[in-house]
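To be precise, the following lines are query.pdb, and they hold PDB, C-alpha atoms.
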```pdb
ATOM      1  CA  MET A   1      13.354 -18.343  17.813
ATOM      2  CA  ASN A   2      13.545 -16.018  14.794
ATOM      3  CA  ASN A   3      16.643 -15.336  12.762
ATOM      4  CA  ILE A   4      18.115 -11.914  12.169
ATOM      5  CA  LYS A   5      21.211 -11.146  10.182
ATOM      6  CA  GLY A   6      22.779  -8.588  12.419
ATOM      7  CA  LEU A   7      22.952  -6.079  15.235
ATOM      8  CA  LYS A   8      24.788  -2.777  15.093
ATOM      9  CA  ILE A   9      25.699  -0.553  18.029
ATOM     10  CA  SER A  10      26.450   3.149  17.632
ATOM     11  CA  GLY A  11      28.893   5.307  19.493
ATOM     12  CA  GLU A  12      27.717   7.622  22.259
ATOM     13  CA  LEU A  13      25.136  10.173  21.164
ATOM     14  CA  CYS A  14      23.144  13.016  22.642
ATOM     15  CA  LEU A  15      19.376  12.938  22.255
ATOM     16  CA  VAL A  16      17.696  16.221  21.357
ATOM     17  CA  ARG A  17      13.961  16.775  21.634
ATOM     18  CA  LEU A  18      12.342  19.694  19.887
ATOM     19  CA  HIS A  19       8.744  20.680  20.572
ATOM     20  CA  ALA A  20       6.743  23.313  18.758
ATOM     21  CA  GLU A  21       3.159  24.196  19.547
ATOM     22  CA  SER A  22       2.218  25.120  16.033
ATOM     23  CA  ARG A  23       2.188  22.796  13.017
ATOM     24  CA  ASP A  24       3.032  25.512  10.532
ATOM     25  CA  SER A  25       6.183  26.398  12.372
ATOM     26  CA  CYS A  26       9.495  26.542  10.510
ATOM     27  CA  LEU A  27      11.357  25.495  13.636
ATOM     28  CA  LEU A  28      12.420  22.059  12.476
ATOM     29  CA  PRO A  29      13.760  23.262   9.088
ATOM     30  CA  ALA A  30      15.577  26.049  10.959
ATOM     31  CA  PHE A  31      17.020  23.521  13.412
ATOM     32  CA  CYS A  32      18.205  21.263  10.572
ATOM     33  CA  SER A  33      19.749  24.245   8.789
ATOM     34  CA  LEU A  34      21.598  25.285  11.927
ATOM     35  CA  LEU A  35      23.122  21.834  12.335
ATOM     36  CA  ALA A  36      24.006  21.503   8.663
ATOM     37  CA  GLY A  37      25.730  24.887   8.734
ATOM     38  CA  SER A  38      28.058  23.585  11.423
ATOM     39  CA  GLN A  39      28.489  20.177   9.781
ATOM     40  CA  VAL A  40      26.685  18.365  12.600
ATOM     41  CA  ASN A  41      25.162  15.080  11.483
ATOM     42  CA  MET A  42      21.940  13.582  12.822
ATOM     43  CA  PRO A  43      22.183   9.810  12.523
ATOM     44  CA  PHE A  44      18.580   9.544  13.723
ATOM     45  CA  LEU A  45      15.606  11.870  13.391
ATOM     46  CA  SER A  46      11.936  11.115  13.915
ATOM     47  CA  THR A  47       9.284  13.798  13.854
ATOM     48  CA  GLU A  48       5.514  13.849  13.927
ATOM     49  CA  SER A  49       2.957  16.581  13.540
ATOM     50  CA  GLN A  50      -0.385  16.667  15.228
ATOM     51  CA  ALA A  51      -2.931  19.176  16.402
ATOM     52  CA  GLY A  52      -0.781  19.870  19.426
ATOM     53  CA  GLY A  53       2.249  20.800  17.352
ATOM     54  CA  ILE A  54       5.431  19.144  16.209
ATOM     55  CA  HIS A  55       7.347  16.604  18.289
ATOM     56  CA  THR A  56      10.841  15.715  17.153
ATOM     57  CA  THR A  57      13.492  13.399  18.540
ATOM     58  CA  CYS A  58      16.933  13.367  16.988
ATOM     59  CA  CYS A  59      20.442  12.312  17.935
ATOM     60  CA  VAL A  60      23.803  13.952  17.397
ATOM     61  CA  ASP A  61      27.270  12.727  18.219
ATOM     62  CA  ALA A  62      28.024  13.211  21.922
ATOM     63  CA  ALA A  63      31.064  15.276  20.934
ATOM     64  CA  HIS A  64      28.757  17.793  19.250
ATOM     65  CA  GLN A  65      26.554  18.460  22.290
ATOM     66  CA  ALA A  66      28.525  21.480  23.474
ATOM     67  CA  LEU A  67      28.664  22.935  19.977
ATOM     68  CA  LEU A  68      24.938  22.426  19.561
ATOM     69  CA  LYS A  69      24.185  24.181  22.856
ATOM     70  CA  ARG A  70      26.408  27.054  21.783
ATOM     71  CA  LEU A  71      24.656  27.331  18.422
ATOM     72  CA  LEU A  72      21.230  27.253  20.028
ATOM     73  CA  SER A  73      22.172  29.899  22.576
ATOM     74  CA  ALA A  74      22.158  32.333  19.667
ATOM     75  CA  GLU A  75      18.706  31.123  18.593
ATOM     76  CA  PRO A  76      16.417  31.671  21.592
ATOM     77  CA  VAL A  77      13.269  30.567  19.757
ATOM     78  CA  LEU A  78      14.857  27.177  19.124
ATOM     79  CA  GLN A  79      16.675  27.009  22.436
ATOM     80  CA  GLU A  80      13.555  27.363  24.573
ATOM     81  CA  ARG A  81      11.906  24.470  22.714
ATOM     82  CA  THR A  82      14.861  22.103  22.948
ATOM     83  CA  GLU A  83      15.727  19.498  25.585
ATOM     84  CA  TYR A  84      18.797  17.282  25.786
ATOM     85  CA  THR A  85      19.419  13.807  27.127
ATOM     86  CA  ALA A  86      23.084  12.896  27.169
ATOM     87  CA  GLY A  87      24.354   9.338  26.981
ATOM     88  CA  VAL A  88      22.145   7.584  24.457
ATOM     89  CA  GLY A  89      23.035   5.252  21.609
ATOM     90  CA  LEU A  90      21.476   3.378  18.716
ATOM     91  CA  LEU A  91      20.822  -0.337  18.561
ATOM     92  CA  THR A  92      19.992  -1.383  15.013
ATOM     93  CA  LEU A  93      18.566  -4.794  14.118
ATOM     94  CA  PHE A  94      18.240  -6.079  10.575
ATOM     95  CA  PRO A  95      16.460  -7.126   8.500
ATOM     96  CA  HIS A  96      12.867  -6.505   9.615
ATOM     97  CA  GLN A  97      11.395  -7.777   6.330
ATOM     98  CA  SER A  98       8.433  -5.400   6.852
ATOM     99  CA  SER A  99       7.060  -7.775   9.475
ATOM    100  CA  LEU A 100       5.923  -6.657  12.911
ATOM    101  CA  ILE A 101       7.399  -9.793  14.483
ATOM    102  CA  LEU A 102      10.871  -8.288  14.898
ATOM    103  CA  PHE A 103       9.373  -5.108  16.355
ATOM    104  CA  GLY A 104       6.980  -6.868  18.720
ATOM    105  CA  ARG A 105       9.523  -9.311  20.076
ATOM    106  CA  SER A 106      12.303  -6.772  20.438
ATOM    107  CA  LEU A 107      10.100  -4.174  22.163
ATOM    108  CA  ARG A 108       8.766  -6.753  24.601
ATOM    109  CA  ALA A 109      12.263  -8.046  25.321
ATOM    110  CA  LEU A 110      13.606  -4.548  25.982
ATOM    111  CA  ALA A 111      10.703  -3.766  28.323
ATOM    112  CA  GLN A 112      11.143  -7.060  30.148
ATOM    113  CA  ALA A 113      14.818  -6.221  30.701
ATOM    114  CA  ASP A 114      13.813  -2.782  31.987
ATOM    115  CA  LEU A 115      15.633  -1.031  29.147
ATOM    116  CA  ARG A 116      14.043   2.324  28.428
ATOM    117  CA  VAL A 117      13.242   3.138  24.793
ATOM    118  CA  PHE A 118      13.660   6.838  24.014
ATOM    119  CA  ALA A 119      12.699   6.459  20.387
ATOM    120  CA  MET A 120      12.505   3.905  17.615
ATOM    121  CA  ALA A 121      12.144   3.941  13.840
ATOM    122  CA  SER A 122      12.286   1.613  10.902
ATOM    123  CA  SER A 123      14.212   2.188   7.710
ATOM    124  CA  ILE A 124      14.252   0.192   4.500
ATOM    125  CA  GLY A 125      15.652  -2.917   6.098
ATOM    126  CA  ALA A 126      16.401  -2.176   9.720
ATOM    127  CA  LEU A 127      14.791  -1.311  13.014
ATOM    128  CA  THR A 128      16.661   1.236  15.128
ATOM    129  CA  TYR A 129      16.140   1.821  18.855
ATOM    130  CA  VAL A 130      17.450   4.811  20.807
ATOM    131  CA  LEU A 131      18.496   3.496  24.233
ATOM    132  CA  ASP A 132      20.725   4.345  27.191
ATOM    133  CA  TYR A 133      24.290   4.237  25.889
ATOM    134  CA  ALA A 134      25.568   2.675  29.098
ATOM    135  CA  ARG A 135      23.159  -0.219  28.605
ATOM    136  CA  LEU A 136      23.605  -0.837  24.874
ATOM    137  CA  ASP A 137      25.697  -3.953  25.448
ATOM    138  CA  LYS A 138      23.006  -5.289  27.767
ATOM    139  CA  ALA A 139      20.389  -4.518  25.097
ATOM    140  CA  ALA A 140      22.468  -6.336  22.491
ATOM    141  CA  ALA A 141      22.722  -9.342  24.794
ATOM    142  CA  VAL A 142      18.943  -9.293  25.274
ATOM    143  CA  MET A 143      18.488  -9.294  21.503
ATOM    144  CA  GLN A 144      20.956 -12.148  21.108
ATOM    145  CA  ALA A 145      18.913 -14.157  23.590
ATOM    146  CA  CYS A 146      15.713 -13.268  21.750
ATOM    147  CA  PHE A 147      16.834 -13.820  18.156
ATOM    148  CA  GLU A 148      19.184 -16.210  16.470
ATOM    149  CA  LEU A 149      21.958 -14.305  14.728
ATOM    150  CA  ALA A 150      22.749 -15.757  11.322
ATOM    151  CA  GLY A 151      26.209 -17.189  10.791
ATOM    152  CA  ASN A 152      27.456 -16.522  14.313
ATOM    153  CA  HIS A 153      27.268 -12.825  13.579
ATOM    154  CA  ALA A 154      28.254 -10.741  16.605
ATOM    155  CA  PRO A 155      27.016  -7.204  17.389
ATOM    156  CA  PHE A 156      29.387  -4.726  15.773
ATOM    157  CA  LYS A 157      30.284  -1.081  16.158
ATOM    158  CA  ALA A 158      31.080   1.226  13.254
ATOM    159  CA  GLU A 159      34.817   1.503  12.783
ATOM    160  CA  PHE A 160      34.872   4.520  10.517
ATOM    161  CA  THR A 161      33.331   7.953  10.322
ATOM    162  CA  VAL A 162      32.053   9.570   7.154
ATOM    163  CA  ALA A 163      32.592  13.314   6.948
ATOM    164  CA  GLN A 164      31.008  14.976   3.986
ATOM    165  CA  GLY A 165      30.909  18.265   2.143
ATOM    166  CA  THR A 166      27.895  18.841  -0.088
ATOM    167  CA  GLN A 167      28.684  22.291  -1.394
ATOM    168  CA  ARG A 168      32.282  22.189  -2.528
ATOM    169  CA  ARG A 169      35.044  19.717  -3.049
ATOM    170  CA  PRO A 170      37.229  19.601   0.073
ATOM    171  CA  GLY A 171      40.305  21.725  -0.347
ATOM    172  CA  ARG A 172      38.936  23.665  -3.298
ATOM    173  CA  LYS A 173      37.644  27.257  -3.126
ATOM    174  CA  GLU A 174      34.629  27.877  -5.383
TER     175      GLU A 174
ATOM    176  CA  MET B   1      42.360   3.281  15.058
ATOM    177  CA  GLU B   2      40.089   5.909  13.502
ATOM    178  CA  THR B   3      39.458   6.036   9.780
ATOM    179  CA  VAL B   4      38.065   9.289   8.394
ATOM    180  CA  VAL B   5      36.394   9.147   4.997
ATOM    181  CA  MET B   6      35.571  12.320   3.089
ATOM    182  CA  TYR B   7      32.450  11.967   0.943
ATOM    183  CA  TRP B   8      31.875  14.657  -1.643
ATOM    184  CA  GLU B   9      29.210  15.190  -4.270
ATOM    185  CA  SER B  10      28.145  18.392  -5.966
ATOM    186  CA  GLN B  11      24.470  17.427  -5.814
ATOM    187  CA  ILE B  12      23.129  14.951  -3.297
ATOM    188  CA  LYS B  13      22.347  11.653  -4.953
ATOM    189  CA  THR B  14      19.478   9.282  -4.292
ATOM    190  CA  TYR B  15      18.556   5.971  -5.837
ATOM    191  CA  GLY B  16      15.027   7.141  -6.676
ATOM    192  CA  PHE B  17      11.739   7.945  -4.971
ATOM    193  CA  GLN B  18       9.114   5.391  -4.057
ATOM    194  CA  VAL B  19       5.527   6.570  -3.562
ATOM    195  CA  VAL B  20       2.818   4.510  -1.873
ATOM    196  CA  LYS B  21      -0.721   5.844  -1.603
ATOM    197  CA  ASP B  22      -3.898   4.867   0.240
ATOM    198  CA  LEU B  23      -2.179   3.933   3.474
ATOM    199  CA  ALA B  24      -3.321   4.279   7.080
ATOM    200  CA  LEU B  25      -1.375   5.909   9.887
ATOM    201  CA  TYR B  26      -2.169   4.359  13.276
ATOM    202  CA  LYS B  27      -0.870   6.177  16.334
ATOM    203  CA  TYR B  28      -0.985   4.478  19.723
ATOM    204  CA  ARG B  29       0.067   5.992  23.034
ATOM    205  CA  ILE B  30       1.682   3.128  24.955
ATOM    206  CA  PRO B  31       2.972   3.074  28.544
ATOM    207  CA  ALA B  32       6.747   2.971  28.065
ATOM    208  CA  ASP B  33       7.282   0.294  30.717
ATOM    209  CA  LEU B  34       4.928  -1.966  28.738
ATOM    210  CA  PRO B  35       2.729  -3.375  31.516
ATOM    211  CA  ALA B  36       1.509  -6.937  31.124
ATOM    212  CA  GLU B  37      -1.661  -6.170  29.173
ATOM    213  CA  TRP B  38       0.298  -4.065  26.680
ATOM    214  CA  ALA B  39       2.991  -6.746  26.369
ATOM    215  CA  ARG B  40       0.203  -9.179  25.511
ATOM    216  CA  ALA B  41      -1.310  -6.684  23.085
ATOM    217  CA  ILE B  42       2.042  -6.175  21.355
ATOM    218  CA  LYS B  43       2.402  -9.945  21.137
ATOM    219  CA  ARG B  44      -1.021 -10.059  19.477
ATOM    220  CA  ILE B  45       0.120  -7.831  16.634
ATOM    221  CA  GLU B  46       2.763 -10.394  15.752
ATOM    222  CA  ASP B  47      -0.056 -12.788  14.855
ATOM    223  CA  GLY B  48      -2.080 -12.556  11.663
ATOM    224  CA  PRO B  49      -1.440  -9.900   8.997
ATOM    225  CA  ASN B  50       1.443  -7.872  10.288
ATOM    226  CA  ARG B  51       3.140  -6.098   7.389
ATOM    227  CA  PHE B  52       4.100  -2.465   7.812
ATOM    228  CA  HIS B  53       5.559   0.333   5.715
ATOM    229  CA  LEU B  54       6.989   2.387   8.561
ATOM    230  CA  LEU B  55       7.294   2.235  12.335
ATOM    231  CA  CYS B  56       8.338   5.133  14.535
ATOM    232  CA  ALA B  57       8.051   5.952  18.223
ATOM    233  CA  GLN B  58       9.079   8.738  20.564
ATOM    234  CA  LEU B  59       9.013   8.947  24.334
ATOM    235  CA  ASN B  60       6.738  11.825  25.316
ATOM    236  CA  ASP B  61       6.639  14.088  28.379
ATOM    237  CA  SER B  62       4.340  11.652  30.175
ATOM    238  CA  SER B  63       6.862   8.814  29.804
ATOM    239  CA  GLU B  64       4.671   7.114  27.262
ATOM    240  CA  LEU B  65       5.703   5.943  23.817
ATOM    241  CA  ASP B  66       3.893   7.622  20.960
ATOM    242  CA  LEU B  67       3.981   4.793  18.445
ATOM    243  CA  GLY B  68       3.241   5.405  14.776
ATOM    244  CA  LEU B  69       2.488   2.521  12.453
ATOM    245  CA  LEU B  70       2.013   3.066   8.736
ATOM    246  CA  CYS B  71       0.294   0.164   7.022
ATOM    247  CA  GLU B  72      -2.382  -0.875   4.565
ATOM    248  CA  PRO B  73      -5.793   0.187   5.940
ATOM    249  CA  GLU B  74      -7.218  -3.322   6.170
ATOM    250  CA  GLN B  75      -4.153  -4.508   8.098
ATOM    251  CA  GLY B  76      -4.571  -1.611  10.497
ATOM    252  CA  VAL B  77      -8.187  -2.529  11.184
ATOM    253  CA  SER B  78      -7.204  -6.124  11.884
ATOM    254  CA  LEU B  79      -4.338  -5.027  14.100
ATOM    255  CA  ALA B  80      -6.501  -2.637  16.136
ATOM    256  CA  ARG B  81      -9.025  -5.418  16.612
ATOM    257  CA  ARG B  82      -6.335  -7.770  17.919
ATOM    258  CA  ILE B  83      -5.061  -5.124  20.346
ATOM    259  CA  ALA B  84      -8.607  -4.453  21.519
ATOM    260  CA  THR B  85      -9.054  -8.114  22.456
ATOM    261  CA  GLU B  86      -6.366  -7.582  25.119
ATOM    262  CA  ILE B  87      -7.157  -3.964  25.990
ATOM    263  CA  PRO B  88     -10.766  -3.054  25.231
ATOM    264  CA  ALA B  89     -10.069   0.601  26.065
ATOM    265  CA  ALA B  90      -7.041   0.778  23.742
ATOM    266  CA  GLY B  91      -9.135   2.718  21.264
ATOM    267  CA  ASP B  92      -8.961   5.679  23.635
ATOM    268  CA  ARG B  93      -5.229   5.747  23.009
ATOM    269  CA  LEU B  94      -5.549   5.392  19.243
ATOM    270  CA  GLN B  95      -5.615   8.018  16.524
ATOM    271  CA  VAL B  96      -6.101   6.902  12.921
ATOM    272  CA  THR B  97      -5.403   9.037   9.864
ATOM    273  CA  VAL B  98      -6.539   7.551   6.562
ATOM    274  CA  PRO B  99      -5.792   7.830   3.720
ATOM    275  CA  VAL B 100      -2.218   9.057   3.824
ATOM    276  CA  GLU B 101       0.624   8.883   1.327
ATOM    277  CA  LEU B 102       4.257   7.887   1.700
ATOM    278  CA  ILE B 103       7.432   8.889  -0.120
ATOM    279  CA  PHE B 104      10.598   7.086   0.765
ATOM    280  CA  PHE B 105      14.080   7.143  -0.659
ATOM    281  CA  GLN B 106      17.647   6.352   0.250
ATOM    282  CA  GLY B 107      21.119   7.419  -0.699
ATOM    283  CA  PRO B 108      24.760   6.599  -0.041
ATOM    284  CA  HIS B 109      25.730   7.018   3.626
ATOM    285  CA  PHE B 110      22.719   9.278   4.275
ATOM    286  CA  GLY B 111      22.798   8.374   7.961
ATOM    287  CA  ASP B 112      26.464   9.261   8.292
ATOM    288  CA  ARG B 113      26.407  12.627   6.520
ATOM    289  CA  PHE B 114      25.464  16.036   7.801
ATOM    290  CA  GLY B 115      23.018  18.194   5.875
ATOM    291  CA  ILE B 116      20.738  15.501   4.469
ATOM    292  CA  ALA B 117      17.688  16.533   6.507
ATOM    293  CA  ASP B 118      18.403  20.201   5.817
ATOM    294  CA  PHE B 119      18.700  19.524   2.084
ATOM    295  CA  THR B 120      15.392  17.627   2.154
ATOM    296  CA  TYR B 121      13.531  20.375   4.031
ATOM    297  CA  LYS B 122      14.958  23.031   1.712
ATOM    298  CA  ALA B 123      13.753  21.012  -1.284
ATOM    299  CA  LEU B 124      10.277  20.745   0.215
ATOM    300  CA  LYS B 125      10.143  24.486   1.028
ATOM    301  CA  GLU B 126       6.734  25.429   2.435
ATOM    302  CA  LYS B 127       5.404  21.947   1.634
ATOM    303  CA  SER B 128       7.234  20.693   4.715
ATOM    304  CA  ASP B 129       4.277  22.109   6.670
ATOM    305  CA  LEU B 130       2.211  19.270   5.214
ATOM    306  CA  LEU B 131       4.330  16.512   6.709
ATOM    307  CA  LEU B 132       2.415  14.293   9.120
ATOM    308  CA  ALA B 133       5.596  12.504  10.107
ATOM    309  CA  ALA B 134       9.135  12.002   8.875
ATOM    310  CA  VAL B 135      11.922   9.592   9.696
ATOM    311  CA  PHE B 136      15.598   9.904   8.824
ATOM    312  CA  ALA B 137      17.282   6.682   9.923
ATOM    313  CA  CYS B 138      20.181   4.623   8.565
ATOM    314  CA  ALA B 139      20.388   5.580   4.880
ATOM    315  CA  SER B 140      16.621   6.037   4.449
ATOM    316  CA  ILE B 141      14.200   8.937   4.493
ATOM    317  CA  TYR B 142      10.461   8.414   4.942
ATOM    318  CA  LEU B 143       7.958  11.230   4.537
ATOM    319  CA  ILE B 144       4.277  10.728   5.426
ATOM    320  CA  LEU B 145       1.914  13.150   3.744
ATOM    321  CA  PRO B 146      -1.804  13.774   3.582
ATOM    322  CA  GLU B 147      -3.820  12.465   0.650
ATOM    323  CA  GLY B 148      -2.985  14.162  -2.633
ATOM    324  CA  ALA B 149       0.353  15.632  -1.571
ATOM    325  CA  ALA B 150       2.827  12.963  -2.612
ATOM    326  CA  ASP B 151       3.093  13.642  -6.336
ATOM    327  CA  GLU B 152       3.972  17.308  -6.043
ATOM    328  CA  THR B 153       6.331  16.561  -3.174
ATOM    329  CA  ARG B 154       8.114  13.964  -5.273
ATOM    330  CA  THR B 155       8.443  16.509  -8.096
ATOM    331  CA  ARG B 156      10.103  18.972  -5.721
ATOM    332  CA  LEU B 157      12.469  16.356  -4.331
ATOM    333  CA  ALA B 158      13.338  15.100  -7.811
ATOM    334  CA  GLY B 159      14.271  18.652  -8.770
ATOM    335  CA  ALA B 160      16.728  18.889  -5.901
ATOM    336  CA  PHE B 161      18.293  15.438  -5.614
ATOM    337  CA  ARG B 162      20.216  13.795  -8.427
ATOM    338  CA  ILE B 163      19.048  10.392  -9.596
ATOM    339  CA  PRO B 164      21.851   8.703 -11.540
ATOM    340  CA  GLY B 165      20.636   7.617 -14.970
TER     341      GLY B 165
END
```

Could I get this structure in the form of structure tokens?
Amino acid sequence: MNNIKGLKISGELCLVRLHAESRDSCLLPAFCSLLAGSQVNMPFLSTESQAGGIHTTCCVDAAHQALLKRLLSAEPVLQERTEYTAGVGLLTLFPHQSSLILFGRSLRALAQADLRVFAMASSIGALTYVLDYARLDKAAAVMQACFELAGNHAPFKAEFTVAQGTQRRPGRKE
Amino acid sequence: METVVMYWESQIKTYGFQVVKDLALYKYRIPADLPAEWARAIKRIEDGPNRFHLLCAQLNDSSELDLGLLCEPEQGVSLARRIATEIPAAGDRLQVTVPVELIFFQGPHFGDRFGIADFTYKALKEKSDLLLAAVFACASIYLILPEGAADETRTRLAGAFRIPG
């Protein structure tokens, strides 16, 4: 059994898929700009380009789903290329140490437990899966059975939210 | 109890850009329910050389996982060979792009803050059309580019982000 140092579980998110047929499309930058303009964070975004176009999966806070739909209703070009899946969440395992062992074992364990993977990506030290929110605790239990958590570490959920302004200091008009 | 933290900076800060060249991007289309032969094939990649620079996957319209693996070319060849021992026809589900280049960077609370992806795309301007793949996860950003594109892309990003001296 391999060791990992921790598991993190996100709050409830909404998955957004954006598809564009053309690679030279500005749709994804326009989508990101739209969200930034309304201070909507994307804790996860994975996109790939290929001959068939651009395929993007991202997540926003579940509380922002209605706002996002409202924003996109004013942008028909984006709206018609966007699909939503409500009720997803992130399961993050760390560290991966740039080794495929953590990925291979975790993916096989999730499949064996019949837990659907909507998306997955690595970052500098962690591996993040997008899964059904209602089954995140089950997924965490599967990982705990698959890996030994260092120092009796238990899966944890973020207890604070970071809200950020990049253009001006909060409370100051510039 | 909810704690709300306000994070403010006049120019978005990063800890610096890392560039890696001469990499290979392997893309496999995998049945999402991971049938037995694919479970065995995935187990195979845990054996032997198995270092990676980036992993990403998305569920597609056919309920298959489009898996991207960015690695050193020789590791990719070895990995594809190991998968092929379990699934001889796996090559039909494989697309390899080589060489490719990678830029990755991170910054404080990137994953918790709105506007980071937008800021990155605005910095890239029309060069964002070149992106083969991109991942924004946790506090990290990974950009995969075709050969020869990384240096100019890094210059653009460095002109937009602040790197504390």

key: Ground truth for the PyMOL selection byres ((chain A and resi 6-20) around 7), written as a count of residues only   = 36

Taken to one decimal, the CA of Ile30 (chain B)-CA of Val96 (chain B) distance is 14.8 Å

Among the residues B:Tyr28, B:Trp8, B:Phe52, B:Trp38, the one that comes closest to Gln97 (chain A) [using all atoms listed in the file]: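 Of all the options, B:Phe52 lies closest to Gln97 (chain A).
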
Give one line per residue of chain B that approaches chain A to at most 6 Å, naming the two atoms of the closest pair and their distance in Å to one decimal, counting only C-alpha atoms; sort by chain then ascending residue number and deliver it as a Markdown table.
```
| residue | atom | partner | partner_atom | distance |
| --- | --- | --- | --- | --- |
| B:Thr3 | CA | A:Phe160 | CA | 4.9 |
| B:Val4 | CA | A:Thr161 | CA | 5.3 |
| B:Val5 | CA | A:Val162 | CA | 4.9 |
| B:Met6 | CA | A:Ala163 | CA | 5.0 |
| B:Tyr7 | CA | A:Gln164 | CA | 4.5 |
| B:Trp8 | CA | A:Gly165 | CA | 5.3 |
| B:Glu9 | CA | A:Thr166 | CA | 5.7 |
| B:Ser10 | CA | A:Thr166 | CA | 5.9 |
| B:Asp33 | CA | A:Ala111 | CA | 5.8 |
| B:Ile42 | CA | A:Gly104 | CA | 5.6 |
| B:Glu46 | CA | A:Ile101 | CA | 4.8 |
| B:Asn50 | CA | A:Leu100 | CA | 5.3 |
| B:Arg51 | CA | A:Ser99 | CA | 4.7 |
| B:Phe52 | CA | A:Ser98 | CA | 5.3 |
| B:Leu54 | CA | A:Ser122 | CA | 5.8 |
| B:Leu55 | CA | A:Ser122 | CA | 5.2 |
| B:Cys56 | CA | A:Ala121 | CA | 4.0 |
| B:Ala57 | CA | A:Met120 | CA | 4.9 |
| B:Gln58 | CA | A:Ala119 | CA | 4.3 |
| B:Leu59 | CA | A:Phe118 | CA | 5.1 |
| B:Gly111 | CA | A:Pro43 | CA | 4.8 |
| B:Asp112 | CA | A:Val162 | CA | 5.7 |
| B:Arg113 | CA | A:Asn41 | CA | 5.7 |
| B:Phe114 | CA | A:Asn41 | CA | 3.8 |
| B:Gly115 | CA | A:Ala36 | CA | 4.4 |
| B:Asp118 | CA | A:Cys32 | CA | 4.9 |
| B:Tyr121 | CA | A:Pro29 | CA | 5.8 |
| B:Asp129 | CA | A:Asp24 | CA | 5.3 |
| B:Leu132 | CA | A:Ser49 | CA | 5.0 |
| B:Ala133 | CA | A:Glu48 | CA | 4.1 |
| B:Ala134 | CA | A:Thr47 | CA | 5.3 |
| B:Val135 | CA | A:Ser46 | CA | 4.5 |
| B:Phe136 | CA | A:Leu45 | CA | 5.0 |
| B:Ala137 | CA | A:Phe44 | CA | 4.9 |
| B:Ser140 | CA | A:Ser123 | CA | 5.6 |
```

Closest of A:Cys146, A:Leu131, A:Leu27, A:Ala140 to Pro76 (chain A), counting all atoms listed in the file, is A:Leu27

Atom pair CA of Leu34 (chain B) + CA of Glu148 (chain A), distance 23.6 Å

Judged by only C-alpha atoms, the minimum distance to Leu131 (chain B) among B:Ala117, B:Ala150, B:Asp47, B:Val19 is found for B:Ala150

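Neighbouring residues of Ala149 (chain B) at 9 Å or closer, counting only C-alpha atoms and skipping chain neighbours under 3 positions away, are Val100, Glu101, Lys127, Leu130, Leu145, Pro146, Glu152, Thr153 and Arg154 of chain B.
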
With C-alpha atoms retained, export the selected residues as a compact mmCIF listing (two decimals), keeping the file's coordinate frame.
```txt
# COMPACT_ATOMS: atom_id res chain seq x y z
CA VAL B 100 -2.22 9.06 3.82
CA GLU B 101 0.62 8.88 1.33
CA LYS B 127 5.40 21.95 1.63
CA LEU B 130 2.21 19.27 5.21
CA LEU B 145 1.91 13.15 3.74
CA PRO B 146 -1.80 13.77 3.58
CA GLU B 152 3.97 17.31 -6.04
CA THR B 153 6.33 16.56 -3.17
CA ARG B 154 8.11 13.96 -5.27
```

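Using only C-alpha atoms, the residues found no farther than 7 Å from Phe105 (chain B), other than those of its own chain fewer than 3 positions away, are Thr14, Tyr15, Gly16, Phe17, Gln18, Ser140, Ile141 and Tyr142 of chain B.
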
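Using only C-alpha atoms, the nearest neighbour of Gln11 (chain B) within the list B:Pro49, B:Gly159, B:Gly76, B:Pro88 is B:Gly159.
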
Distance in Å - CA of Leu67 (chain A) versus CA of Asp137 (chain A):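 Result for CA of Leu67 (chain A) versus CA of Asp137 (chain A): 27.6 Å, one decimal.
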
I'd like the neighbourhood of Ile87 (chain B) as a ChimeraX atom specification, where a residue qualifies if any of its atoms comes within 10 Å (using all atoms listed in the file), though same-chain residues fewer than 6 positions away should be ignored. /B:37-38,40-41,80-81

Those same residues - C-alpha atoms - I'd like them written as a tab-separated table (two decimals), keeping the file's coordinate frame.
```tsv
chain	number	residue	atom	x	y	z
B	37	GLU	CA	-1.66	-6.17	29.17
B	38	TRP	CA	0.30	-4.07	26.68
B	40	ARG	CA	0.20	-9.18	25.51
B	41	ALA	CA	-1.31	-6.68	23.08
B	80	ALA	CA	-6.50	-2.64	16.14
B	81	ARG	CA	-9.02	-5.42	16.61
```

Select all residues near (-1.2, 4.9, 10.4) (cut-off 9 Å, inclusive, file coordinates), counting only C-alpha atoms, and output them as a list in words.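 Here the neighbourhood of the point contains Leu23, Ala24, Leu25, Tyr26, Lys27, Leu54, Gly68, Leu69, Leu70, Cys71, Glu72, Pro73, Gly76, Gln95, Val96, Thr97, Val98, Pro99 and Val100 of chain B.
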
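Minimum atom-to-atom distance to Gly48 (chain B), evaluated using only C-alpha atoms, belongs to B:Leu79 out of B:Ala160, B:Leu79, B:Ala84, B:Leu94.
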
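Each of B:Leu124, B:Ala39, B:Cys138, B:Ile116 was checked against Lys13 (chain B) using only C-alpha atoms; the smallest atom-to-atom distance is that of B:Ile116.
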